[in-house]
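Worksheet: the structure to be examined is printed underneath.
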Amino acid sequence: MGLLDLDKIIIKRTILGIRCSACGGNLAATTTKSMRARLIRWLSLGSVKPKNYECEQCRKRYLLL
């Protein structure tokens, strides 16, 4: 029986129902915030919380408000 190293497993939350418009791949949530997301949150005084997502296949980034 082999050993499983749980520290090396990366789990990304994918959004069901939302696909990449360029390639049709799944979108995964990213931990890094873009400058546009920070600016929108700052201008709206925290009432709008934008979320950053990245396509798993083509690596295109999306900002959802």
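Identifiers for the structure tokens are assigned positionally: chains receive A, B, ... in sequence, residues are indexed from 1 per chain, and ligands are indexed from 1 in the order shown.
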Exercise: Ala37 (chain A) partners within 7 Å, only C-alpha atoms, chain neighbours under 4 positions left out, as a PDB file with N, CA and C atoms, in the first residue's frame:
```
ATOM      1  N   LYS A  33      -5.446  38.974  -5.369  1.00  0.00           N
ATOM      2  CA  LYS A  33      -6.391  40.009  -5.788  1.00  0.00           C
ATOM      3  C   LYS A  33      -5.743  40.899  -6.839  1.00  0.00           C
ATOM      4  N   ARG A  41     -13.255  47.633  -4.757  1.00  0.00           N
ATOM      5  CA  ARG A  41     -13.643  47.476  -3.357  1.00  0.00           C
ATOM      6  C   ARG A  41     -13.396  48.769  -2.574  1.00  0.00           C
ATOM      7  N   PRO A  50     -15.580  42.067  -5.104  1.00  0.00           N
ATOM      8  CA  PRO A  50     -15.260  41.332  -6.326  1.00  0.00           C
ATOM      9  C   PRO A  50     -14.414  40.098  -6.022  1.00  0.00           C
TER      10      PRO A  50
END
```
- Query: Got a sec to tell me which of chain A DSSP assigns to strand (DSSP E or B), as JSON, numbers by chain?
  - Reply: {"A": [14, 15, 16, 17, 18, 19, 26, 27, 28, 29, 51, 52, 53, 54, 55, 61, 62, 63, 64]}
- Query: If we count only C-alpha atoms, what is near Gly24 (chain A) at a cut-off of 10 Å, once residues fewer than 3 positions away on the same chain are taken out, given as a PyMOL selection string?
  - Reply: chain A and resi 18-21+27+55-58
- Just asking: which residues within chain A are alpha helix (DSSP H) according to DSSP, as an NGL selection string? :A and (35-43)
Emit the selected residues as a CSV table (one decimal), in the first residue's frame, including C-alpha atoms.
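New file out.csv:
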```csv
chain,number,residue,atom,x,y,z
A,35,MET,CA,-5.5,45.9,-8.8
A,36,ARG,CA,-8.9,46.4,-10.4
A,37,ALA,CA,-10.6,44.3,-7.6
A,38,ARG,CA,-8.8,46.3,-4.9
A,39,LEU,CA,-9.8,49.6,-6.6
A,40,ILE,CA,-13.4,48.6,-7.0
A,41,ARG,CA,-13.6,47.5,-3.4
A,42,TRP,CA,-12.0,50.7,-2.2
A,43,LEU,CA,-14.2,53.0,-4.3
```
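You will find CA of Ala28 (chain A) at 27.7 Å from CA of Leu3 (chain A).
Here CA of Cys23 (chain A) is placed at a distance of 20.2 Å from CA of Lys51 (chain A).
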- Query: What does the distance between CA of Tyr62 (chain A) and CA of Gly46 (chain A) come to in Å, to one decimal place?
  - Reply: 19.5 Å
